[in-house]
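Data file: run_1.cif. Format and content: mmCIF, C-alpha atoms.
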data_coords
loop_
_atom_site.label_atom_id
_atom_site.label_comp_id
_atom_site.auth_asym_id
_atom_site.auth_seq_id
_atom_site.Cartn_x
_atom_site.Cartn_y
_atom_site.Cartn_z
CA MET P 13 301.66 13.81 20.98
CA GLU P 14 300.08 16.00 18.29
CA ILE P 15 299.47 19.72 17.94
CA THR P 16 295.73 20.36 17.92
CA ALA P 17 295.33 24.15 17.89
CA LEU P 18 297.12 27.50 17.54
CA LYS P 19 295.27 30.25 19.40
CA THR P 20 296.33 33.90 19.25
CA TYR P 21 295.45 36.72 21.62
CA LEU P 22 295.87 40.43 20.87
CA VAL P 23 296.54 42.10 24.22
CA ALA P 24 297.47 45.59 25.39
CA PRO P 25 299.71 47.43 25.13
CA ARG P 26 300.96 46.16 21.71
CA TRP P 27 301.51 42.42 22.03
CA LEU P 28 300.32 39.19 20.43
CA PHE P 29 300.41 35.98 22.46
CA LEU P 30 300.14 32.47 21.02
CA LYS P 31 298.99 29.30 22.76
CA VAL P 32 299.85 26.00 21.06
CA GLU P 33 297.70 23.12 22.34
CA THR P 34 298.25 19.36 22.08
CA ASP P 35 296.12 16.26 22.35
CA GLU P 36 297.81 15.32 25.65
CA GLY P 37 296.77 18.51 27.43
CA ILE P 38 300.22 20.07 27.49
CA SER P 39 300.29 23.57 26.02
CA GLY P 40 303.02 26.07 25.27
CA TRP P 41 303.12 29.84 24.89
CA GLY P 42 304.88 32.03 22.37
CA GLU P 43 304.96 35.70 21.37
CA PRO P 44 304.83 36.05 17.56
CA VAL P 45 304.42 39.80 17.48
CA LEU P 46 305.82 42.50 15.23
CA GLU P 47 305.20 45.90 16.79
CA GLY P 48 302.47 47.73 14.91
CA HIS P 49 301.55 44.66 12.86
CA ALA P 50 299.93 42.36 15.43
CA ASP P 51 296.82 41.65 13.32
CA THR P 52 299.03 40.69 10.38
CA LEU P 53 300.95 38.25 12.57
CA ALA P 54 297.75 36.71 13.94
CA THR P 55 296.67 36.02 10.36
CA LYS P 56 300.05 34.57 9.44
CA VAL P 57 300.02 32.24 12.45
CA ALA P 58 296.54 31.04 11.41
CA GLU P 59 297.86 30.31 7.92
CA LEU P 60 300.78 28.34 9.36
CA GLY P 61 298.31 26.29 11.35
CA ASP P 62 297.51 24.45 8.12
CA PHE P 63 301.02 22.99 8.26
CA VAL P 64 301.60 22.76 12.01
CA ILE P 65 298.38 21.20 13.32
CA GLY P 66 298.78 17.45 13.44
CA GLN P 67 302.57 17.61 13.81
CA ASP P 68 304.54 16.16 16.72
CA PRO P 69 305.56 19.20 18.84
CA HIS P 70 308.74 17.45 19.97
CA ARG P 71 310.13 17.72 16.42
CA ILE P 72 311.02 21.37 16.88
CA GLU P 73 313.80 21.59 14.31
CA ASP P 74 311.81 19.74 11.66
CA ILE P 75 308.82 22.07 12.16
CA TRP P 76 311.15 25.10 12.09
CA GLN P 77 312.64 24.01 8.77
CA MET P 78 309.21 23.14 7.34
CA ILE P 79 307.88 26.61 8.10
CA TYR P 80 311.04 28.42 7.03
CA ARG P 81 311.42 26.62 3.70
CA ASN P 82 307.76 26.50 2.71
CA GLY P 83 307.06 28.06 -0.68
CA CYS P 84 309.17 30.60 -2.54
CA TYR P 85 309.42 33.22 0.20
CA ARG P 86 311.47 33.09 3.37
CA GLY P 87 312.93 35.42 5.93
CA GLY P 88 311.73 38.94 6.63
CA PRO P 89 309.94 40.42 9.63
CA VAL P 90 306.48 38.90 9.18
CA LEU P 91 307.40 35.32 8.33
CA MET P 92 310.18 35.13 10.91
CA SER P 93 308.13 36.73 13.69
CA ALA P 94 305.35 34.20 13.13
CA LEU P 95 307.89 31.39 13.15
CA SER P 96 309.41 32.86 16.32
CA GLY P 97 306.20 32.56 18.31
CA ILE P 98 305.58 28.99 17.21
CA ASP P 99 309.16 28.00 18.00
CA MET P 100 308.96 29.50 21.52
CA ALA P 101 305.73 27.61 22.19
CA LEU P 102 307.18 24.30 20.99
CA TRP P 103 310.19 24.66 23.31
CA ASP P 104 307.76 25.51 26.12
CA ILE P 105 305.79 22.32 25.41
CA LYS P 106 308.90 20.16 25.29
CA GLY P 107 310.24 21.55 28.55
CA ARG P 108 306.89 21.09 30.27
CA ALA P 109 306.54 17.54 28.96
CA LEU P 110 309.96 16.66 30.40
CA GLY P 111 309.62 18.78 33.54
CA VAL P 112 312.71 20.95 32.92
CA PRO P 113 313.45 24.52 31.80
CA VAL P 114 314.36 24.97 28.16
CA HIS P 115 317.99 25.79 28.95
CA GLN P 116 318.45 22.29 30.39
CA LEU P 117 317.49 20.89 26.99
CA LEU P 118 320.13 23.07 25.32
CA GLY P 119 323.16 21.96 27.31
CA GLY P 120 322.49 23.51 30.70
CA PRO P 121 323.18 27.01 31.99
CA VAL P 122 326.47 28.87 32.05
CA ARG P 123 324.94 31.52 34.38
CA ASP P 124 322.09 31.78 36.85
CA ARG P 125 321.31 35.46 36.31
CA ILE P 126 322.06 38.20 33.78
CA ARG P 127 322.54 41.93 34.02
CA SER P 128 319.54 43.87 32.76
CA TYR P 129 318.79 47.38 31.57
CA CYS P 130 315.69 49.50 31.16
CA TRP P 131 314.63 52.12 28.65
CA ILE P 132 314.29 55.76 29.64
CA GLY P 133 313.25 58.96 27.91
CA GLY P 134 310.42 57.96 25.59
CA ASP P 135 310.46 58.07 21.78
CA ARG P 136 312.01 61.52 21.78
CA PRO P 137 314.56 61.81 24.58
CA ALA P 138 313.12 63.62 27.58
CA SER P 139 313.95 63.79 31.30
CA LEU P 140 316.97 61.54 30.82
CA ILE P 141 318.64 62.55 34.07
CA GLU P 142 315.50 61.94 36.11
CA GLY P 143 314.91 58.64 34.33
CA ALA P 144 318.45 57.39 34.87
CA LYS P 145 318.41 58.32 38.54
CA ALA P 146 315.06 56.58 39.01
CA MET P 147 316.46 53.39 37.45
CA ARG P 148 319.55 53.63 39.63
CA ALA P 149 317.32 53.88 42.70
CA GLN P 150 315.67 50.63 41.60
CA GLY P 151 319.02 48.86 41.48
CA TYR P 152 319.92 49.16 37.80
CA ASP P 153 323.36 50.25 36.69
CA ALA P 154 322.59 50.50 32.96
CA VAL P 155 319.97 52.27 30.84
CA LYS P 156 319.30 52.80 27.13
CA PHE P 157 317.61 55.67 25.34
CA ASN P 158 317.19 57.51 22.06
CA ILE P 159 319.85 60.20 21.74
CA CYS P 160 317.86 62.44 19.42
CA GLU P 161 314.53 63.26 17.88
CA GLU P 162 314.10 63.57 14.10
CA LEU P 163 317.40 64.18 12.34
CA GLN P 164 317.85 65.11 8.70
CA ILE P 165 320.36 63.23 6.54
CA VAL P 166 322.57 66.30 6.97
CA ASP P 167 321.41 68.43 9.87
CA THR P 168 322.65 71.57 11.59
CA TYR P 169 325.54 71.76 14.01
CA ALA P 170 323.15 73.54 16.35
CA LYS P 171 321.17 70.27 16.48
CA VAL P 172 324.37 68.27 17.00
CA ASP P 173 325.51 70.60 19.78
CA GLY P 174 322.16 70.20 21.53
CA ILE P 175 322.41 66.41 21.43
CA ILE P 176 325.98 66.42 22.73
CA ARG P 177 325.20 68.92 25.48
CA SER P 178 322.27 66.84 26.73
CA LEU P 179 324.33 63.65 26.86
CA PHE P 180 327.27 65.27 28.63
CA GLU P 181 324.84 66.63 31.22
CA LEU P 182 323.51 63.13 31.75
CA ARG P 183 327.00 61.68 32.15
CA ASP P 184 327.90 64.40 34.65
CA ALA P 185 324.72 63.65 36.61
CA VAL P 186 325.28 59.89 36.96
CA GLY P 187 329.07 59.78 36.81
CA ASP P 188 330.46 56.29 36.49
CA THR P 189 327.63 54.73 38.52
CA MET P 190 325.70 53.84 35.37
CA ASP P 191 326.49 52.48 31.92
CA LEU P 192 324.72 54.31 29.12
CA ALA P 193 323.64 52.66 25.88
CA PHE P 194 322.91 55.14 23.09
CA ASP P 195 320.24 54.24 20.53
CA PHE P 196 320.44 56.05 17.20
CA HIS P 197 317.34 54.00 16.24
CA GLY P 198 318.18 54.19 12.54
CA ARG P 199 317.03 57.81 12.54
CA VAL P 200 320.65 59.01 12.10
CA HIS P 201 322.01 58.80 8.57
CA ALA P 202 325.64 58.15 7.65
CA PRO P 203 326.85 61.79 7.44
CA MET P 204 325.54 62.64 10.90
CA ALA P 205 326.43 59.25 12.39
CA ARG P 206 330.10 59.83 11.66
CA VAL P 207 329.99 63.26 13.29
CA LEU P 208 328.09 62.07 16.37
CA LEU P 209 330.21 58.99 17.00
CA LYS P 210 333.34 61.14 17.14
CA GLU P 211 331.73 63.60 19.55
CA LEU P 212 330.33 60.84 21.79
CA GLU P 213 333.54 58.89 22.36
CA PRO P 214 334.46 60.73 25.59
CA LEU P 215 331.13 59.64 27.11
CA ARG P 216 332.16 55.97 26.86
CA PRO P 217 328.75 54.45 25.98
CA VAL P 218 328.51 50.71 26.49
CA PHE P 219 327.36 50.56 22.86
CA VAL P 220 325.63 52.57 20.13
CA GLU P 221 322.64 50.74 18.68
CA ASP P 222 321.62 51.03 15.03
CA ALA P 223 324.08 53.81 14.24
CA VAL P 224 322.51 53.68 10.77
CA VAL P 225 319.54 51.67 9.52
CA SER P 226 320.16 47.92 9.56
CA ALA P 227 320.16 47.63 5.77
CA MET P 228 323.33 49.73 5.69
CA VAL P 229 325.67 47.01 6.97
CA GLU P 230 328.54 48.17 4.75
CA THR P 231 328.21 51.70 6.11
CA MET P 232 328.16 50.41 9.67
CA SER P 233 331.30 48.46 8.92
CA ASP P 234 333.00 51.67 7.81
CA LEU P 235 331.81 53.44 10.96
CA ALA P 236 333.04 50.60 13.16
CA ARG P 237 336.57 51.09 11.86
CA SER P 238 336.46 54.81 12.61
CA THR P 239 335.27 54.73 16.24
CA SER P 240 336.28 53.16 19.53
CA ILE P 241 332.63 52.84 20.56
CA PRO P 242 331.18 49.32 20.22
CA LEU P 243 328.45 49.36 17.56
CA CYS P 244 325.36 47.22 17.96
CA ILE P 245 322.96 45.83 15.35
CA GLY P 246 320.30 43.13 15.28
CA GLU P 247 316.76 44.05 16.27
CA ARG P 248 315.78 44.54 12.61
CA LEU P 249 317.61 41.48 11.29
CA HIS P 250 315.56 38.34 10.95
CA SER P 251 317.71 35.23 10.58
CA ARG P 252 321.28 33.97 10.70
CA TYR P 253 321.49 34.78 6.99
CA ASP P 254 320.96 38.47 7.77
CA PHE P 255 323.76 38.31 10.35
CA LYS P 256 326.18 36.71 7.91
CA ARG P 257 327.23 40.06 6.41
CA VAL P 258 327.48 41.62 9.87
CA PHE P 259 330.05 39.05 10.93
CA GLU P 260 331.91 38.90 7.64
CA LEU P 261 332.25 42.70 7.43
CA ARG P 262 333.02 43.12 11.14
CA ALA P 263 330.20 45.68 11.22
CA ALA P 264 329.39 45.38 14.92
CA GLN P 265 330.96 44.38 18.18
CA VAL P 266 327.59 43.73 19.84
CA ILE P 267 324.50 42.09 18.36
CA ASN P 268 320.97 42.33 19.72
CA PRO P 269 318.64 39.95 17.88
CA ASP P 270 315.12 39.54 19.23
CA THR P 271 313.62 36.10 19.92
CA ALA P 272 310.25 37.41 18.74
CA HIS P 273 311.58 38.50 15.34
CA VAL P 274 314.55 36.31 14.43
CA GLY P 275 313.07 32.82 14.38
CA GLY P 276 312.57 32.07 18.06
CA ILE P 277 314.80 30.28 20.53
CA SER P 278 316.19 27.90 17.92
CA GLU P 279 317.59 30.65 15.69
CA MET P 280 318.68 32.85 18.60
CA VAL P 281 320.87 30.05 19.94
CA ARG P 282 322.47 29.52 16.53
CA ILE P 283 323.18 33.23 16.12
CA GLY P 284 324.46 33.64 19.67
CA HIS P 285 326.94 30.79 19.36
CA TRP P 286 328.02 31.96 15.91
CA ALA P 287 328.70 35.45 17.27
CA GLU P 288 330.97 33.92 19.91
CA ALA P 289 333.24 32.61 17.15
CA TYR P 290 333.75 36.24 16.04
CA ASP P 291 334.20 37.47 19.65
CA VAL P 292 331.01 39.50 19.25
CA ALA P 293 328.99 40.23 22.39
CA PHE P 294 325.35 39.16 22.69
CA ALA P 295 322.71 41.52 24.16
CA PRO P 296 319.23 40.28 23.23
CA HIS P 297 316.64 42.89 22.26
CA CYS P 298 313.30 42.71 24.06
CA PRO P 299 311.07 45.77 24.56
CA LEU P 300 308.15 43.31 24.36
CA GLY P 301 306.01 41.09 26.56
CA PRO P 302 306.70 38.46 29.21
CA ILE P 303 306.80 35.44 26.91
CA ALA P 304 309.43 36.99 24.64
CA LEU P 305 311.49 37.97 27.69
CA ALA P 306 311.28 34.46 29.15
CA ALA P 307 312.47 33.06 25.82
CA CYS P 308 315.40 35.51 25.81
CA LEU P 309 316.42 34.46 29.31
CA GLN P 310 316.49 30.79 28.33
CA VAL P 311 318.94 31.73 25.56
CA ASP P 312 320.97 34.00 27.85
CA ALA P 313 321.39 31.01 30.15
CA ILE P 314 323.40 29.03 27.59
CA CYS P 315 325.22 31.66 25.50
CA HIS P 316 328.55 32.48 27.09
CA ASN P 317 328.88 35.79 25.21
CA ALA P 318 325.53 37.11 26.53
CA PHE P 319 326.27 40.01 28.87
CA ILE P 320 323.12 42.10 29.25
CA GLN P 321 319.38 41.69 28.64
CA GLU P 322 316.90 44.36 27.60
CA GLN P 323 313.45 44.23 29.16
CA SER P 324 310.36 46.43 29.12
CA LEU P 325 309.24 46.60 32.76
CA GLY P 326 307.55 49.98 33.06
CA ILE P 327 308.54 51.16 29.55
CA HIS P 328 306.53 54.10 28.21
CA TYR P 329 304.76 51.85 25.69
CA ASN P 330 303.21 49.71 28.40
CA GLN P 331 299.98 51.64 28.84
CA GLY P 332 297.14 49.28 29.72
CA GLY P 333 299.33 46.28 30.45
CA ASP P 334 302.75 45.41 31.83
CA LEU P 335 304.70 42.16 31.99
CA ALA P 336 303.49 40.98 35.40
CA ASP P 337 299.85 41.68 34.50
CA TYR P 338 299.73 38.56 32.31
CA LEU P 339 301.58 36.17 34.64
CA MET P 340 300.45 34.16 37.63
CA PRO P 341 301.63 35.62 40.96
CA GLY P 342 304.94 34.11 42.00
CA HIS P 343 305.57 32.66 38.53
CA GLY P 344 307.08 35.65 36.77
CA PHE P 345 310.52 37.26 36.85
CA THR P 346 312.93 37.76 39.72
CA LEU P 347 314.87 41.02 39.54
CA LYS P 348 317.56 41.81 42.09
CA ASP P 349 320.38 44.38 41.97
CA GLY P 350 319.72 45.05 38.30
CA HIS P 351 319.97 41.36 37.39
CA LEU P 352 317.24 39.04 36.10
CA ALA P 353 317.31 35.48 37.38
CA ILE P 354 317.15 32.74 34.77
CA PRO P 355 313.67 31.17 35.21
CA GLN P 356 313.90 27.63 36.54
CA GLY P 357 310.34 26.42 36.01
CA PRO P 358 309.52 23.91 33.26
CA GLY P 359 309.51 25.14 29.68
CA LEU P 360 309.99 28.88 29.44
CA GLY P 361 309.92 29.01 33.22
CA ILE P 362 306.89 31.31 33.63
CA GLU P 363 303.18 30.70 34.08
CA VAL P 364 300.84 32.74 31.90
CA ASP P 365 297.55 33.85 33.45
CA GLU P 366 295.36 32.53 30.65
CA ALA P 367 292.14 33.93 32.10
CA ARG P 368 293.68 37.40 32.20
CA VAL P 369 294.94 37.02 28.63
CA ILE P 370 291.53 35.93 27.34
CA GLU P 371 289.85 38.86 29.08
CA ALA P 372 292.39 41.37 27.74
CA ALA P 373 292.02 39.99 24.22
CA LYS P 374 288.34 40.97 24.25
CA VAL P 375 289.57 44.57 24.13
CA GLY P 376 292.73 44.00 22.09
CA HIS P 377 294.71 46.96 20.76
CA ARG P 378 295.49 48.92 17.61
CA TRP P 379 299.01 50.11 18.46
CA ARG P 380 300.78 51.80 15.57
CA ALA P 381 304.18 53.43 15.32
CA PRO P 382 303.87 57.21 14.98
CA VAL P 383 304.33 59.04 11.69
CA TRP P 384 306.97 61.75 11.97
CA ARG P 385 307.90 64.49 9.50
CA HIS P 386 310.81 66.87 9.22
CA LYS P 387 310.23 70.61 9.19
CA ASP P 388 310.29 70.55 5.39
CA GLY P 389 307.37 68.11 5.31
CA SER P 390 309.35 65.01 4.33
CA ILE P 391 308.91 61.76 6.24
CA ALA P 392 311.32 61.27 9.14
CA GLU P 393 312.63 58.01 10.58
CA TRP P 394 310.83 57.08 13.80
#

Reformat the file's structure so that it appears as structure tokens.
Amino acid sequence: MEITALKTYLVAPRWLFLKVETDEGISGWGEPVLEGHADTLATKVAELGDFVIGQDPHRIEDIWQMIYRNGCYRGGPVLMSALSGIDMALWDIKGRALGVPVHQLLGGPVRDRIRSYCWIGGDRPASLIEGAKAMRAQGYDAVKFNICEELQIVDTYAKVDGIIRSLFELRDAVGDTMDLAFDFHGRVHAPMARVLLKELEPLRPVFVEDAVVSAMVETMSDLARSTSIPLCIGERLHSRYDFKRVFELRAAQVINPDTAHVGGISEMVRIGHWAEAYDVAFAPHCPLGPIALAACLQVDAICHNAFIQEQSLGIHYNQGGDLADYLMPGHGFTLKDGHLAIPQGPGLGIEVDEARVIEAAKVGHRWRAPVWRHKDGSIAEW
């Protein structure tokens, strides 16, 4: 079997899908997207086609290493996201060729479903109580959200008090019926992160994500030693080499790498098992499309330390397209009592509606992250 083509499709709301075709008629799907940079990723995938076309798709690890080690440059969001999509598609092909889901090729499942959570509140937190109650009514018992809007490196205690008041009101409204994951989204700098973590301890969040920007691993390590709240990092790290410092410095108790950004299923499995050796919990990041989510679920199936899975059903970004819109009826995701079933179909376990994808790609998208500024005119973290 040989790879004959790599075809990319830019589809709403902000996704890039990849179809890898072979000379035996078996194809696989991947999601090599980097939010806000989909056109860049489509170009990078086309460049990688010069190396991948003609290769045997069963040699997944060899192709992974060939792409990763090509030339002087490796790692980083663009290269690893492109590699991620190709890797997903190759696992999809292999599973389809053998008639089994990917997790059966990786040792078999340790679970048949995984707890899931949804996002509420938008980019700037709004209507958190209403959002949490709506998710609870749908069967979820966990949600995640941004805790604040723009925050200066040292901000006012009036701003801090407003954040704390809002979160205590939310906790009072839902009681202990829901777990709350707080996302600082890298928009909180070290001075304010230390203050907020102390104030938030009584609320018992399941974790705080990106308490500081991911480059500040040493700072996060310091914060981890000063709080009882589990800290989470990973969505902006792009290989096992990025996670090395996290583990060595004990900077986080939860990691949330993304299959679409970290090197695909192959690298996610390596990182997930490595985290287990440090007794670090695994909560894959995925505010993306259906292919990325299916890839996450195949990894969740075999990583014992996986405990919860993010997904983007109905997220505020999904204007003009949601996960089920690009899947064949009856071949998508099964959600019950806040848990996602591990897909059991061959490959990634889902069936992409190719005709719908092709039609949507005729329109495409130009999604970009917003540009925010502080009141003094300086650029703010999004």

Identify all residues satisfying the PyMOL selection byres ((chain P and resi 15-29) around 8) in the given file; provide them as a PyMOL selection string.
chain P and resi 13-14+30-35+41-45+47-48+50-51+53-54+57-58+61+64-69+97+300-301+303+329-334+369-370+372-373+375-379

For the structure shown, which residues end up in the PyMOL selection byres ((chain P and resi 80) around 12)? Put them as a ChimeraX atom specification, please?
/P:60,63,73-79,81-88,90-96,98-99,250-251,274-276,279

With all atoms listed in the file as the atoms that count, which of P:Glu247, P:Glu322, P:Asp270, P:Glu181 lies nearest to Ser128 (chain P)?
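Of P:Glu247, P:Glu322, P:Asp270, P:Glu181, the one nearest Ser128 (chain P) is P:Glu322, counting all atoms listed in the file.
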
Report as a ChimeraX atom specification all protein, DNA and RNA residues lying within 10 Å of Met280 (chain P), evaluated on only C-alpha atoms, omitting residues in the same chain fewer than 3 positions from it.
/P:96,250-252,268-277,283-286,296,307-308,311-312,315

Hey, can I get the axis-aligned box for region 142-151 of chain P? All listed atoms, 3 Å padding on each side, centre and edge lengths in Å to one decimal, as JSON.
{"center_x": 317.2, "center_y": 55.4, "center_z": 38.5, "size_x": 10.6, "size_y": 19.1, "size_z": 14.4}

Distance in Å - CA of Leu208 (chain P) versus CA of Arg136 (chain P):
17.0 Å

Selected by the PyMOL selection byres ((chain P and resi 145) around 12) in the shown coordinates: which residues, as an NGL selection string?
:P and (130 or 132-133 or 139-144 or 146-155 or 182-187 or 189-191)

May I have the residues at most 6 Å from (318.7, 60.0, 15.3) in the file's coordinates, counting all atoms listed in the file, as a list in words?
Cys160, Glu161, Glu162, Leu163, Phe196, Arg199 and Val200 of chain P

Cut-off 8 Å around (320.2, 48.8, 10.6) with all atoms listed in the file: residues as a ChimeraX atom specification
/P:198,222-229,245-246,248-249
